[in-house]
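Structure file protein-v5.cif (mmCIF, C-alpha atoms) is printed below.
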```cif
data_upload
#
loop_
_atom_site.label_atom_id
_atom_site.label_comp_id
_atom_site.auth_asym_id
_atom_site.auth_seq_id
_atom_site.Cartn_x
_atom_site.Cartn_y
_atom_site.Cartn_z
CA MET B 1 18.98 -20.25 -25.65
CA GLY B 2 22.57 -20.34 -24.34
CA LEU B 3 23.66 -18.52 -21.20
CA LYS B 4 25.65 -15.93 -23.20
CA GLU B 5 22.62 -15.10 -25.30
CA ILE B 6 20.42 -14.76 -22.20
CA ILE B 7 22.93 -12.38 -20.62
CA ARG B 8 23.14 -10.37 -23.87
CA LYS B 9 19.34 -10.18 -23.94
CA ILE B 10 18.89 -8.92 -20.40
CA THR B 11 21.85 -6.56 -20.09
CA GLN B 12 21.64 -2.91 -20.96
CA LYS B 13 23.84 0.15 -20.65
CA GLY B 14 24.14 1.42 -17.08
CA GLY B 15 25.85 4.66 -16.01
CA ASN B 16 29.44 5.42 -17.19
CA GLY B 17 29.42 2.72 -19.89
CA MET B 18 28.76 0.07 -17.27
CA LYS B 19 26.40 -2.77 -18.05
CA LYS B 20 23.30 -3.16 -15.97
CA ILE B 21 21.02 -6.18 -15.46
CA GLU B 22 17.60 -5.44 -14.02
CA ILE B 23 15.45 -8.25 -12.59
CA ASN B 24 12.00 -6.73 -12.32
CA PRO B 25 9.89 -7.93 -10.65
CA MET B 26 11.42 -10.46 -8.32
CA THR B 27 9.03 -13.40 -8.54
CA ARG B 28 7.70 -16.24 -6.40
CA LEU B 29 7.28 -14.02 -3.38
CA GLU B 30 4.65 -11.66 -2.03
CA GLY B 31 5.69 -8.05 -2.32
CA HIS B 32 7.42 -6.04 -4.95
CA GLY B 33 11.16 -6.20 -5.26
CA LYS B 34 13.72 -5.37 -7.90
CA VAL B 35 17.34 -6.48 -8.24
CA THR B 36 19.81 -4.36 -10.19
CA ILE B 37 23.23 -5.83 -10.99
CA PHE B 38 26.08 -3.72 -12.37
CA LEU B 39 28.81 -5.42 -14.45
CA ASP B 40 32.29 -4.10 -15.16
CA GLU B 41 33.96 -4.11 -18.64
CA ASN B 42 34.93 -7.78 -18.26
CA GLY B 43 31.36 -8.78 -17.50
CA ASN B 44 32.03 -9.49 -13.83
CA VAL B 45 29.63 -8.33 -11.13
CA GLU B 46 30.83 -5.04 -9.71
CA ASN B 47 27.88 -4.24 -7.47
CA ALA B 48 24.31 -5.40 -6.91
CA PHE B 49 21.30 -3.77 -5.27
CA LEU B 50 18.03 -5.10 -3.91
CA GLN B 51 15.21 -2.56 -3.81
CA VAL B 52 11.80 -2.91 -2.23
CA VAL B 53 9.66 -0.77 -4.51
CA GLU B 54 6.51 -0.79 -2.39
CA PHE B 55 5.47 1.69 0.31
CA MET B 56 2.27 1.32 2.28
CA GLY B 57 1.88 3.81 5.14
CA TYR B 58 0.04 1.82 7.83
CA GLU B 59 2.07 3.66 10.49
CA LYS B 60 0.10 6.79 9.71
CA PHE B 61 -3.33 5.81 8.49
CA LEU B 62 -4.04 3.48 11.42
CA GLN B 63 -3.93 6.44 13.79
CA GLY B 64 -7.33 7.05 15.34
CA MET B 65 -8.59 3.54 14.71
CA PRO B 66 -10.07 1.72 17.75
CA ILE B 67 -7.42 -0.77 18.92
CA GLU B 68 -9.74 -3.78 18.64
CA GLU B 69 -10.13 -3.10 14.91
CA VAL B 70 -6.39 -3.05 14.28
CA PRO B 71 -5.63 -6.81 14.11
CA ARG B 72 -8.14 -7.46 11.32
CA THR B 73 -6.86 -4.39 9.50
CA VAL B 74 -3.11 -4.99 9.64
CA SER B 75 -3.60 -8.55 8.39
CA THR B 76 -3.52 -6.88 4.98
CA ILE B 77 0.10 -5.74 5.37
CA CYS B 78 0.85 -9.21 4.00
CA GLY B 79 -1.93 -11.64 3.19
CA VAL B 80 0.26 -14.63 2.52
CA MET Z 1 -9.37 -25.56 -28.97
CA SER Z 2 -6.50 -23.90 -27.16
CA LYS Z 3 -6.88 -23.10 -23.49
CA PRO Z 4 -7.90 -19.58 -22.41
CA LYS Z 5 -4.85 -17.52 -21.43
CA LEU Z 6 -4.85 -16.08 -17.90
CA ALA Z 7 -2.76 -13.25 -16.50
CA TYR Z 8 -2.68 -12.20 -12.85
CA TYR Z 9 -1.04 -9.12 -11.38
CA LEU Z 10 -0.66 -8.10 -7.76
CA ALA Z 11 -0.40 -4.30 -7.59
CA GLY Z 12 -0.92 -2.35 -4.34
CA GLY Z 13 -2.23 -5.35 -2.44
CA CYS Z 14 -1.05 -7.91 0.06
CA GLY Z 15 -1.17 -11.26 -1.78
CA GLY Z 16 -4.25 -12.29 0.19
CA CYS Z 17 -6.23 -12.57 -3.05
CA ASP Z 18 -3.53 -14.89 -4.49
CA ILE Z 19 -3.83 -17.06 -1.39
CA ALA Z 20 -7.63 -17.06 -1.74
CA VAL Z 21 -7.18 -18.54 -5.23
CA VAL Z 22 -4.96 -21.23 -3.69
CA ASP Z 23 -7.77 -21.86 -1.17
CA LEU Z 24 -9.73 -23.38 -4.06
CA ALA Z 25 -7.84 -26.50 -2.95
CA GLU Z 26 -8.67 -29.54 -5.17
CA ALA Z 27 -10.70 -27.36 -7.53
CA LEU Z 28 -7.50 -25.41 -8.24
CA VAL Z 29 -6.17 -28.41 -10.16
CA ASP Z 30 -9.16 -28.26 -12.54
CA VAL Z 31 -8.80 -24.51 -12.89
CA ALA Z 32 -5.06 -24.77 -13.54
CA LEU Z 33 -5.62 -27.48 -16.16
CA ALA Z 34 -8.32 -25.48 -17.92
CA LEU Z 35 -6.20 -22.33 -18.18
CA ASP Z 36 -2.86 -21.37 -19.65
CA ILE Z 37 -1.16 -19.06 -17.12
CA VAL Z 38 0.98 -16.64 -19.14
CA PHE Z 39 1.76 -14.07 -16.43
CA TRP Z 40 1.38 -14.14 -12.65
CA ALA Z 41 3.59 -11.58 -10.96
CA PRO Z 42 5.14 -11.27 -8.56
CA THR Z 43 3.85 -14.26 -6.59
CA VAL Z 44 3.67 -17.29 -8.88
CA ALA Z 45 5.24 -17.32 -12.34
CA ASP Z 46 8.78 -16.22 -13.30
CA VAL Z 47 7.52 -13.95 -16.07
CA LYS Z 48 8.95 -10.42 -15.97
CA TYR Z 49 7.38 -7.09 -16.92
CA LYS Z 50 9.43 -6.99 -20.15
CA ASP Z 51 8.00 -10.38 -21.20
CA LEU Z 52 4.47 -9.08 -20.61
CA GLU Z 53 5.22 -5.94 -22.63
CA ALA Z 54 6.41 -8.13 -25.51
CA MET Z 55 3.14 -10.11 -25.73
CA PRO Z 56 0.82 -9.25 -28.64
CA ASP Z 57 -2.11 -6.91 -27.94
CA GLY Z 58 -5.32 -8.74 -27.05
CA SER Z 59 -3.52 -12.07 -26.73
CA ILE Z 60 -4.55 -12.68 -23.11
CA ASP Z 61 -8.13 -13.85 -22.61
CA VAL Z 62 -8.60 -12.86 -18.96
CA ALA Z 63 -6.52 -10.63 -16.72
CA LEU Z 64 -7.10 -10.56 -12.97
CA PHE Z 65 -5.81 -7.41 -11.28
CA SER Z 66 -5.55 -7.43 -7.49
CA GLY Z 67 -4.51 -4.51 -5.32
CA ASN Z 68 -5.09 -0.84 -5.89
CA VAL Z 69 -3.11 1.52 -8.13
CA ARG Z 70 -0.72 3.28 -5.78
CA ASN Z 71 2.41 4.09 -7.79
CA SER Z 72 3.66 4.64 -11.35
CA GLU Z 73 4.64 0.97 -11.74
CA HIS Z 74 1.11 -0.26 -10.89
CA GLU Z 75 -0.33 2.30 -13.31
CA HIS Z 76 2.04 1.23 -16.10
CA ILE Z 77 1.32 -2.51 -15.69
CA ALA Z 78 -2.44 -1.84 -15.46
CA LYS Z 79 -2.29 -0.07 -18.83
CA VAL Z 80 -0.09 -2.78 -20.39
CA LEU Z 81 -2.38 -5.55 -19.09
CA ARG Z 82 -5.44 -3.75 -20.42
CA GLN Z 83 -3.85 -3.53 -23.86
CA LYS Z 84 -2.89 -7.22 -23.86
CA SER Z 85 -6.17 -8.57 -22.46
CA LYS Z 86 -9.65 -9.14 -23.82
CA VAL Z 87 -11.33 -9.20 -20.39
CA MET Z 88 -10.01 -7.32 -17.37
CA ILE Z 89 -11.28 -8.13 -13.89
CA ALA Z 90 -10.76 -6.02 -10.77
CA PHE Z 91 -10.12 -8.91 -8.39
CA GLY Z 92 -10.78 -8.19 -4.71
CA ILE Z 93 -11.85 -5.05 -2.93
CA CYS Z 94 -8.52 -3.15 -3.36
CA ALA Z 95 -8.72 -3.27 -7.16
CA SER Z 96 -12.49 -2.70 -7.12
CA CYS Z 97 -12.80 0.13 -4.58
CA GLY Z 98 -9.34 0.91 -3.14
CA GLY Z 99 -9.23 -1.42 -0.12
CA ILE Z 100 -7.67 -0.94 3.30
CA LYS Z 101 -4.46 0.31 1.70
CA GLY Z 102 -6.61 3.02 0.11
CA LEU Z 103 -6.85 4.66 3.55
CA VAL Z 104 -3.54 6.33 2.60
CA ASN Z 105 -5.74 8.89 0.87
CA LEU Z 106 -6.57 10.31 4.31
CA HIS Z 107 -3.05 11.76 4.34
CA THR Z 108 -0.51 13.40 2.09
CA THR Z 109 2.47 11.37 0.83
CA ASP Z 110 4.75 13.62 2.92
CA GLU Z 111 2.80 12.81 6.10
CA LEU Z 112 2.92 9.08 5.38
CA LEU Z 113 6.67 9.06 4.62
CA ASP Z 114 7.45 11.26 7.61
CA LYS Z 115 5.67 8.88 9.99
CA ALA Z 116 7.15 5.72 8.49
CA TYR Z 117 10.73 6.86 7.93
CA ILE Z 118 11.40 9.64 10.46
CA ASN Z 119 8.96 10.07 13.33
CA SER Z 120 7.98 6.58 14.35
CA PHE Z 121 9.02 5.25 17.75
CA SER Z 122 11.24 2.45 16.45
CA THR Z 123 12.94 4.35 13.62
CA ASP Z 124 16.55 5.53 13.80
CA ASN Z 125 17.12 7.85 10.85
CA PRO Z 126 19.04 10.94 12.07
CA GLU Z 127 19.88 12.03 8.51
CA LYS Z 128 16.17 11.93 7.63
CA ILE Z 129 16.72 9.90 4.47
CA LEU Z 130 13.52 9.30 2.50
CA PRO Z 131 12.91 7.06 -0.54
CA GLN Z 132 13.75 8.85 -3.81
CA THR Z 133 12.42 8.06 -7.28
CA SER Z 134 15.96 8.31 -8.62
CA VAL Z 135 19.32 8.10 -6.90
CA VAL Z 136 22.97 7.63 -7.90
CA VAL Z 137 24.91 5.53 -5.38
CA ASP Z 138 28.68 6.11 -5.04
CA GLY Z 139 28.53 8.49 -7.99
CA LYS Z 140 28.00 5.74 -10.57
CA TYR Z 141 25.20 3.29 -9.78
CA GLU Z 142 21.89 4.68 -11.03
CA LEU Z 143 18.82 3.29 -9.26
CA THR Z 144 15.16 4.16 -9.66
CA LEU Z 145 11.93 3.66 -7.71
CA PRO Z 146 8.31 4.10 -8.86
CA THR Z 147 6.61 7.42 -8.08
CA LEU Z 148 4.08 7.27 -5.22
CA MET Z 149 0.56 8.48 -5.99
CA ASP Z 150 -2.79 8.65 -4.21
CA ALA Z 151 -4.42 5.21 -4.17
CA ARG Z 152 -6.97 4.62 -6.94
CA PRO Z 153 -9.27 1.74 -7.79
CA LEU Z 154 -8.42 0.08 -11.12
CA ASP Z 155 -11.38 1.61 -12.99
CA GLU Z 156 -9.95 5.10 -12.50
CA VAL Z 157 -6.94 4.05 -14.59
CA VAL Z 158 -8.28 1.65 -17.24
CA LYS Z 159 -11.63 0.25 -18.33
CA VAL Z 160 -12.72 -2.64 -16.10
CA ASP Z 161 -15.02 -5.39 -17.38
CA TYR Z 162 -15.92 -7.10 -14.11
CA TYR Z 163 -15.51 -6.60 -10.37
CA VAL Z 164 -15.05 -9.23 -7.67
CA GLY Z 165 -15.38 -8.06 -4.04
CA GLY Z 166 -13.95 -9.41 -0.82
CA CYS Z 167 -10.83 -8.96 1.27
CA PRO Z 168 -9.96 -11.46 0.05
CA PRO Z 169 -12.72 -12.87 -2.20
CA TYR Z 170 -14.21 -15.94 -0.49
CA HIS Z 171 -12.75 -19.08 -2.13
CA GLU Z 172 -16.13 -20.65 -2.92
CA HIS Z 173 -17.09 -17.41 -4.62
CA ILE Z 174 -13.85 -17.46 -6.64
CA GLY Z 175 -14.77 -21.01 -7.71
CA LYS Z 176 -18.14 -19.75 -8.95
CA ALA Z 177 -16.51 -16.79 -10.70
CA PHE Z 178 -14.02 -19.08 -12.52
CA THR Z 179 -16.87 -21.41 -13.53
CA ALA Z 180 -18.84 -18.47 -14.92
CA LEU Z 181 -15.72 -17.27 -16.71
CA LEU Z 182 -14.85 -20.62 -18.28
CA SER Z 183 -18.43 -21.34 -19.34
CA GLY Z 184 -18.90 -17.82 -20.71
CA GLN Z 185 -21.92 -17.20 -18.45
CA LEU Z 186 -20.94 -13.74 -17.36
CA PRO Z 187 -23.14 -10.78 -16.43
CA PRO Z 188 -23.13 -7.66 -18.65
CA PRO Z 189 -19.70 -5.94 -18.81
CA GLY Z 190 -19.16 -3.39 -16.06
CA SER Z 191 -20.96 -5.42 -13.40
CA TRP Z 192 -19.84 -7.15 -10.25
CA ILE Z 193 -19.57 -10.93 -10.30
CA THR Z 194 -21.80 -11.64 -7.28
CA MET Z 195 -24.87 -13.59 -6.30
CA GLY Z 196 -26.41 -10.18 -5.58
CA LYS Z 197 -27.44 -10.77 -1.97
CA ALA Z 198 -26.41 -8.72 1.06
CA VAL Z 199 -24.58 -10.26 4.02
CA CYS Z 200 -27.81 -9.91 6.05
CA GLU Z 201 -29.71 -12.01 3.54
CA VAL Z 202 -27.39 -14.98 4.16
CA CYS Z 203 -26.77 -14.33 7.87
CA ASP Z 204 -28.19 -16.81 10.40
CA ARG Z 205 -28.47 -13.99 12.94
CA ASN Z 206 -30.91 -12.00 10.82
CA PRO Z 207 -34.20 -11.81 12.80
CA VAL Z 208 -36.22 -11.22 9.63
CA LEU Z 209 -35.09 -14.61 8.26
CA GLN Z 210 -36.29 -16.15 11.54
CA GLY Z 211 -39.73 -14.52 11.10
CA LYS Z 212 -39.10 -11.97 13.88
CA PRO Z 213 -39.39 -8.17 13.61
CA LYS Z 214 -36.16 -6.16 13.31
CA LYS Z 215 -35.52 -3.92 16.32
CA LEU Z 216 -33.60 -0.64 16.35
CA ALA Z 217 -30.28 -0.44 18.18
CA THR Z 218 -30.60 1.44 21.49
CA THR Z 219 -26.85 1.58 22.20
CA VAL Z 220 -23.64 1.79 20.18
CA LYS Z 221 -20.96 -0.67 21.32
CA ARG Z 222 -17.36 -1.36 20.41
CA THR Z 223 -16.57 -5.00 19.77
CA ILE Z 224 -14.55 -5.16 23.01
CA GLU Z 225 -17.65 -4.30 25.06
CA GLY Z 226 -19.42 -7.43 26.28
CA THR Z 227 -20.27 -10.56 24.30
CA PRO Z 228 -23.07 -10.69 21.71
CA THR Z 229 -26.10 -12.82 22.61
CA GLU Z 230 -25.92 -16.11 20.75
CA GLY Z 231 -27.90 -16.03 17.52
CA ALA Z 232 -28.97 -12.39 17.97
CA CYS Z 233 -28.48 -9.72 15.30
CA LEU Z 234 -25.24 -7.84 16.05
CA LEU Z 235 -26.73 -4.58 14.82
CA GLU Z 236 -29.74 -4.83 17.14
CA GLU Z 237 -27.31 -5.28 20.03
CA GLY Z 238 -25.46 -2.11 19.09
CA TYR Z 239 -22.41 -3.60 17.35
CA LEU Z 240 -22.20 -1.63 14.12
CA CYS Z 241 -22.36 -4.31 11.44
CA LEU Z 242 -22.29 -3.26 7.78
CA GLY Z 243 -24.04 -6.45 6.63
CA PRO Z 244 -27.10 -4.60 5.24
CA VAL Z 245 -25.09 -2.91 2.46
CA THR Z 246 -22.30 -5.45 1.81
CA GLN Z 247 -22.31 -8.22 -0.79
CA GLY Z 248 -22.76 -11.55 0.98
CA ASP Z 249 -20.77 -13.84 -1.31
CA CYS Z 250 -18.74 -14.71 1.80
CA GLY Z 251 -21.73 -16.47 3.36
CA ALA Z 252 -21.70 -14.10 6.38
CA LYS Z 253 -18.64 -15.73 7.92
CA CYS Z 254 -17.70 -12.81 10.22
CA PRO Z 255 -21.10 -12.40 11.97
CA ALA Z 256 -21.15 -16.19 12.48
CA ALA Z 257 -17.94 -15.72 14.51
CA ASN Z 258 -19.37 -12.80 16.59
CA ILE Z 259 -17.50 -10.28 14.44
CA PRO Z 260 -19.53 -7.48 12.83
CA CYS Z 261 -19.21 -7.05 9.06
CA ARG Z 262 -16.86 -4.25 7.96
CA GLY Z 263 -17.85 -4.21 4.31
CA CYS Z 264 -14.99 -5.97 2.54
CA GLY Z 265 -17.39 -7.62 0.06
CA GLY Z 266 -18.10 -4.31 -1.62
CA PRO Z 267 -21.42 -2.54 -2.17
CA ILE Z 268 -24.64 -4.43 -2.88
CA PRO Z 269 -25.83 -4.03 -6.50
CA GLY Z 270 -27.00 -0.56 -7.45
CA VAL Z 271 -24.83 1.25 -4.91
CA LYS Z 272 -21.99 3.44 -6.21
CA ASP Z 273 -20.67 4.84 -2.94
CA PHE Z 274 -20.43 2.17 -0.26
CA GLY Z 275 -19.58 4.52 2.62
CA LEU Z 276 -22.50 6.87 1.98
CA ARG Z 277 -24.94 3.98 1.76
CA ALA Z 278 -23.49 2.43 4.92
CA ILE Z 279 -23.88 5.70 6.83
CA SER Z 280 -27.47 5.95 5.65
CA ALA Z 281 -28.21 2.31 6.54
CA ILE Z 282 -26.69 2.50 10.02
CA ALA Z 283 -28.38 5.84 10.75
CA SER Z 284 -31.76 4.35 9.88
CA MET Z 285 -31.20 1.48 12.32
CA LEU Z 286 -30.33 3.57 15.37
CA ASP Z 287 -33.05 4.33 17.91
CA ASN Z 288 -32.21 8.01 18.39
CA GLU Z 289 -30.01 10.77 17.00
CA GLU Z 290 -27.75 10.99 20.07
CA LEU Z 291 -26.32 7.56 19.23
CA VAL Z 292 -24.71 8.99 16.10
CA ASP Z 293 -22.18 10.89 18.23
CA GLN Z 294 -21.15 7.63 19.89
CA ILE Z 295 -20.01 5.97 16.64
CA PRO Z 296 -16.25 5.51 17.12
CA ASP Z 297 -13.99 6.66 14.28
CA PRO Z 298 -16.55 6.85 11.43
CA VAL Z 299 -14.11 7.17 8.52
CA HIS Z 300 -12.21 3.98 9.35
CA LEU Z 301 -15.55 2.21 9.86
CA PHE Z 302 -17.65 3.28 6.90
CA TYR Z 303 -14.84 3.80 4.35
CA ARG Z 304 -12.39 1.13 5.51
CA TYR Z 305 -12.38 -0.68 2.16
CA THR Z 306 -13.77 1.87 -0.25
CA LEU Z 307 -12.28 5.34 0.31
CA PRO Z 308 -10.42 5.85 -3.02
CA GLY Z 309 -13.44 4.74 -5.06
CA SER Z 310 -15.90 6.89 -3.10
CA PHE Z 311 -17.20 10.34 -4.02
CA LEU Z 312 -14.88 11.73 -1.34
CA GLY Z 313 -11.90 9.84 -2.77
CA LYS Z 314 -9.24 11.63 -0.84
CA ARG Z 315 -8.59 14.43 1.59
CA ILE Z 316 -8.38 17.85 0.05
CA LYS Z 317 -4.73 18.83 0.18
CA ARG Z 318 -3.95 22.45 0.82
#
```
Can you turn what I pasted into structure tokens?
Amino acid sequence: MGLKEIIRKITQKGGNGMKKIEINPMTRLEGHGKVTIFLDENGNVENAFLQVVEFMGYEKFLQGMPIEEVPRTVSTICGV
Amino acid sequence: MSKPKLAYYLAGGCGGCDIAVVDLAEALVDVALALDIVFWAPTVADVKYKDLEAMPDGSIDVALFSGNVRNSEHEHIAKVLRQKSKVMIAFGICASCGGIKGLVNLHTTDELLDKAYINSFSTDNPEKILPQTSVVVDGKYELTLPTLMDARPLDEVVKVDYYVGGCPPYHEHIGKAFTALLSGQLPPPGSWITMGKAVCEVCDRNPVLQGKPKKLATTVKRTIEGTPTEGACLLEEGYLCLGPVTQGDCGAKCPAANIPCRGCGGPIPGVKDFGLRAISAIASMLDNEELVDQIPDPVHLFYRYTLPGSFLGKRIKR
């Protein structure tokens, strides 16, 4: 498949007639990320956004846990 | 014969289960050669959600799902994977019972976001901006995020064929599970893939295995209090170890390192609610009732890995 065809395949209409490429999920890493690229009428990149789509909440749910239990618990924030 | 097709998805997890698969070391080469990996997101393969959605229904032989179901994206991919796969395995304790990240169910989403984004010591967010499911930047760039939900184990979203416990699953156990899978020697659908023994049954500290009587605990200790006697049962010494009710596919690695079991292996066969059974087991091993009041922080102890899948499930939100 040629590059033009690939771009045609992955682009879609964004807001205001703009074209939008969404890379979802970002791969070869631990964690969930998404990249959204907006193209202008000429097909050039106008803006691009990286979003981290995951939220955990350790800050809150660890409260009340005995401190000696915390290291073996927070090791699951990232297991890689 | 074509190779069995494998899919792997990391949902609300940490990637520790992926790393545990890598811990198969040399055996991983055999596993990788025996399987055709068609989807492994986000950690390994460059296959996107759209590619998965385009696969024919039932075309994947085995899907491993790690992590709990915590947002609309996890839920969507869980449903898609179920549709595309013949066998679906909840891989690791998060997918099976909810996991540590399932402790979010102790709080409301507002409380969690408030602490993480506004009221934590190191956060500078005077405008109190919180993540939104949909936002338009500069009036023209539309961006979306998945909707947060209470954490759920996989079987509350789709039908699960097999469960594998552990945080993460012990690599030798994963090796056995893959062997069972590839040779078709699996237990009846709906069961855990386990040798069926408790941590205590494989623990060198267990006095019963040494032909000695089991004594009741006369104190309750935190792990920072003193050092356990070498070779003695942690529970007898007052360190609350959940070995009696936890699957021992790990080979009792934590007690061997002076660390009491916290139940990551999941419940021993026949137990639906791990926390309830753990409370009952610990209570029966204490010398007197007064000791119950000395148990520090019971919810984080008994339900650390299994809150979303328990009968309690979550805090009642008023």
Residues of chain B at most 6 Å from chain Z: nearest atom pair and distance in Å, all atoms listed in the file, as JSON lines:
```
{"residue": "B:Gly15", "atom": "CA", "partner": "Z:Lys140", "partner_atom": "CA", "distance": 5.9}
{"residue": "B:Pro25", "atom": "CA", "partner": "Z:Lys48", "partner_atom": "CA", "distance": 5.9}
{"residue": "B:Thr27", "atom": "CA", "partner": "Z:Pro42", "partner_atom": "CA", "distance": 4.4}
{"residue": "B:Arg28", "atom": "CA", "partner": "Z:Thr43", "partner_atom": "CA", "distance": 4.3}
{"residue": "B:Leu29", "atom": "CA", "partner": "Z:Thr43", "partner_atom": "CA", "distance": 4.7}
{"residue": "B:Glu30", "atom": "CA", "partner": "Z:Thr43", "partner_atom": "CA", "distance": 5.3}
{"residue": "B:Val53", "atom": "CA", "partner": "Z:Leu145", "partner_atom": "CA", "distance": 5.9}
{"residue": "B:Gly57", "atom": "CA", "partner": "Z:Leu112", "partner_atom": "CA", "distance": 5.4}
{"residue": "B:Glu59", "atom": "CA", "partner": "Z:Ala116", "partner_atom": "CA", "distance": 5.8}
{"residue": "B:Lys60", "atom": "CA", "partner": "Z:Leu112", "partner_atom": "CA", "distance": 5.7}
{"residue": "B:Phe61", "atom": "CA", "partner": "Z:Val104", "partner_atom": "CA", "distance": 5.9}
{"residue": "B:Thr76", "atom": "CA", "partner": "Z:Cys14", "partner_atom": "CA", "distance": 5.6}
{"residue": "B:Ile77", "atom": "CA", "partner": "Z:Cys14", "partner_atom": "CA", "distance": 5.9}
{"residue": "B:Cys78", "atom": "CA", "partner": "Z:Cys14", "partner_atom": "CA", "distance": 4.6}
{"residue": "B:Gly79", "atom": "CA", "partner": "Z:Gly16", "partner_atom": "CA", "distance": 3.8}
{"residue": "B:Val80", "atom": "CA", "partner": "Z:Gly16", "partner_atom": "CA", "distance": 5.6}
```
Point-to-point distance from atom CA of Ser122 of chain Z to atom CA of Arg152 of chain Z, Å rounded to tenths: 29.7 Å
Pick out the residues sitting within 12 Å of Leu33 of chain Z, and hand them over as a PDB file with C-alpha atoms, keeping the file's coordinate frame; count only C-alpha atoms, and ignore anything fewer than 4 positions along from it in its own chain.
```pdb
ATOM      1  CA  SER Z   2      -6.500 -23.900 -27.160  1.00  0.00           C
ATOM      2  CA  LYS Z   3      -6.880 -23.100 -23.490  1.00  0.00           C
ATOM      3  CA  PRO Z   4      -7.900 -19.580 -22.410  1.00  0.00           C
ATOM      4  CA  LYS Z   5      -4.850 -17.520 -21.430  1.00  0.00           C
ATOM      5  CA  LEU Z   6      -4.850 -16.080 -17.900  1.00  0.00           C
ATOM      6  CA  GLU Z  26      -8.670 -29.540  -5.170  1.00  0.00           C
ATOM      7  CA  ALA Z  27     -10.700 -27.360  -7.530  1.00  0.00           C
ATOM      8  CA  LEU Z  28      -7.500 -25.410  -8.240  1.00  0.00           C
ATOM      9  CA  VAL Z  29      -6.170 -28.410 -10.160  1.00  0.00           C
ATOM     10  CA  ILE Z  37      -1.160 -19.060 -17.120  1.00  0.00           C
ATOM     11  CA  LEU Z 182     -14.850 -20.620 -18.280  1.00  0.00           C
TER      12      LEU Z 182
END
```
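One distance worth recording is that between atom CA of His74 of chain Z and atom CA of Ile37 of chain B, which is 22.8 Å.
The environment of Glu230 of chain Z within 9 Å, counting only C-alpha atoms and disregarding residues fewer than 3 places along the same chain, consists of Arg205, Thr227, Cys233 and Asn258 of chain Z.
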Near-Lys79 of chain Z list (10 Å; all atoms listed in the file; drop same-chain fewer than 6 positions) as number ranges by chain: Z: 73, 154, 157-159
With all atoms of segment 130-149 of chain Z from the file as input, state the centre and edge lengths in Å to one decimal of the axis-aligned box that has 8 Å extra on each side, as JSON.
```
{"center_x": 14.6, "center_y": 6.3, "center_z": -4.3, "size_x": 44.1, "size_y": 22.0, "size_z": 29.5}
```
Expected residue set, 12 Å radius at (21.8, -3.9, -11.2), only C-alpha atoms, as a PyMOL selection string: (chain B and resi 10-15+18-24+34-40+44-51) or (chain Z and resi 137+140-144)
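Among the candidates Z:Ala32, Z:Ile259, Z:Ala25, Z:Ile295, the one nearest to Pro66 of chain B when counting all atoms listed in the file is Z:Ile295.
For the set Z:Cys250, Z:Met149, Z:Ala180, Z:Leu35, the residue with the smallest atom-to-atom gap to Glu54 of chain B is Z:Met149, counting all atoms listed in the file.
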How would you write, as a PDB file with C-alpha atoms, in the coordinates of the input, the residues chosen by the PyMOL selection byres ((chain Z and resi 261) around 7) on this structure?
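Dumped to expr_33.pdb:
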```
ATOM      1  CA  CYS Z 241     -22.360  -4.310  11.440  1.00  0.00           C
ATOM      2  CA  LEU Z 242     -22.290  -3.260   7.780  1.00  0.00           C
ATOM      3  CA  GLY Z 243     -24.040  -6.450   6.630  1.00  0.00           C
ATOM      4  CA  CYS Z 254     -17.700 -12.810  10.220  1.00  0.00           C
ATOM      5  CA  PRO Z 255     -21.100 -12.400  11.970  1.00  0.00           C
ATOM      6  CA  ILE Z 259     -17.500 -10.280  14.440  1.00  0.00           C
ATOM      7  CA  PRO Z 260     -19.530  -7.480  12.830  1.00  0.00           C
ATOM      8  CA  ARG Z 262     -16.860  -4.250   7.960  1.00  0.00           C
ATOM      9  CA  GLY Z 263     -17.850  -4.210   4.310  1.00  0.00           C
TER      10      GLY Z 263
END
```
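We find atom CA of Asp61 of chain Z and atom CA of Glu156 of chain Z to be spaced 21.6 Å apart.
Among the candidates Z:Val220, Z:Leu234, Z:Cys94, Z:Thr194, the one nearest to Lys176 of chain Z when counting all atoms listed in the file is Z:Thr194.
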Residues selected by the PyMOL selection byres ((chain Z and resi 274) around 8), written as a VMD selection string: chain Z and resid 245 266 to 267 271 to 273 275 to 278 302 to 303 306 310
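Closest to Val69 of chain Z among B:Pro71, B:Met56, B:Gly43, B:Leu62 is B:Met56, based on only C-alpha atoms.
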Who sits within 12 Å of Gly251 of chain Z, all atoms listed in the file, same chain under 3 positions skipped, as a compact mmCIF listing (two decimals) with C-alpha atoms, keeping the file's coordinate frame:
```txt
# COMPACT_ATOMS: atom_id res chain seq x y z
CA GLY Z 166 -13.95 -9.41 -0.82
CA PRO Z 169 -12.72 -12.87 -2.20
CA TYR Z 170 -14.21 -15.94 -0.49
CA HIS Z 171 -12.75 -19.08 -2.13
CA GLU Z 172 -16.13 -20.65 -2.92
CA HIS Z 173 -17.09 -17.41 -4.62
CA THR Z 194 -21.80 -11.64 -7.28
CA MET Z 195 -24.87 -13.59 -6.30
CA GLY Z 196 -26.41 -10.18 -5.58
CA LYS Z 197 -27.44 -10.77 -1.97
CA ALA Z 198 -26.41 -8.72 1.06
CA VAL Z 199 -24.58 -10.26 4.02
CA CYS Z 200 -27.81 -9.91 6.05
CA GLU Z 201 -29.71 -12.01 3.54
CA VAL Z 202 -27.39 -14.98 4.16
CA CYS Z 203 -26.77 -14.33 7.87
CA ASP Z 204 -28.19 -16.81 10.40
CA ARG Z 205 -28.47 -13.99 12.94
CA GLY Z 243 -24.04 -6.45 6.63
CA THR Z 246 -22.30 -5.45 1.81
CA GLN Z 247 -22.31 -8.22 -0.79
CA GLY Z 248 -22.76 -11.55 0.98
CA CYS Z 254 -17.70 -12.81 10.22
CA PRO Z 255 -21.10 -12.40 11.97
CA ALA Z 256 -21.15 -16.19 12.48
CA ALA Z 257 -17.94 -15.72 14.51
CA CYS Z 261 -19.21 -7.05 9.06
CA GLY Z 265 -17.39 -7.62 0.06
```
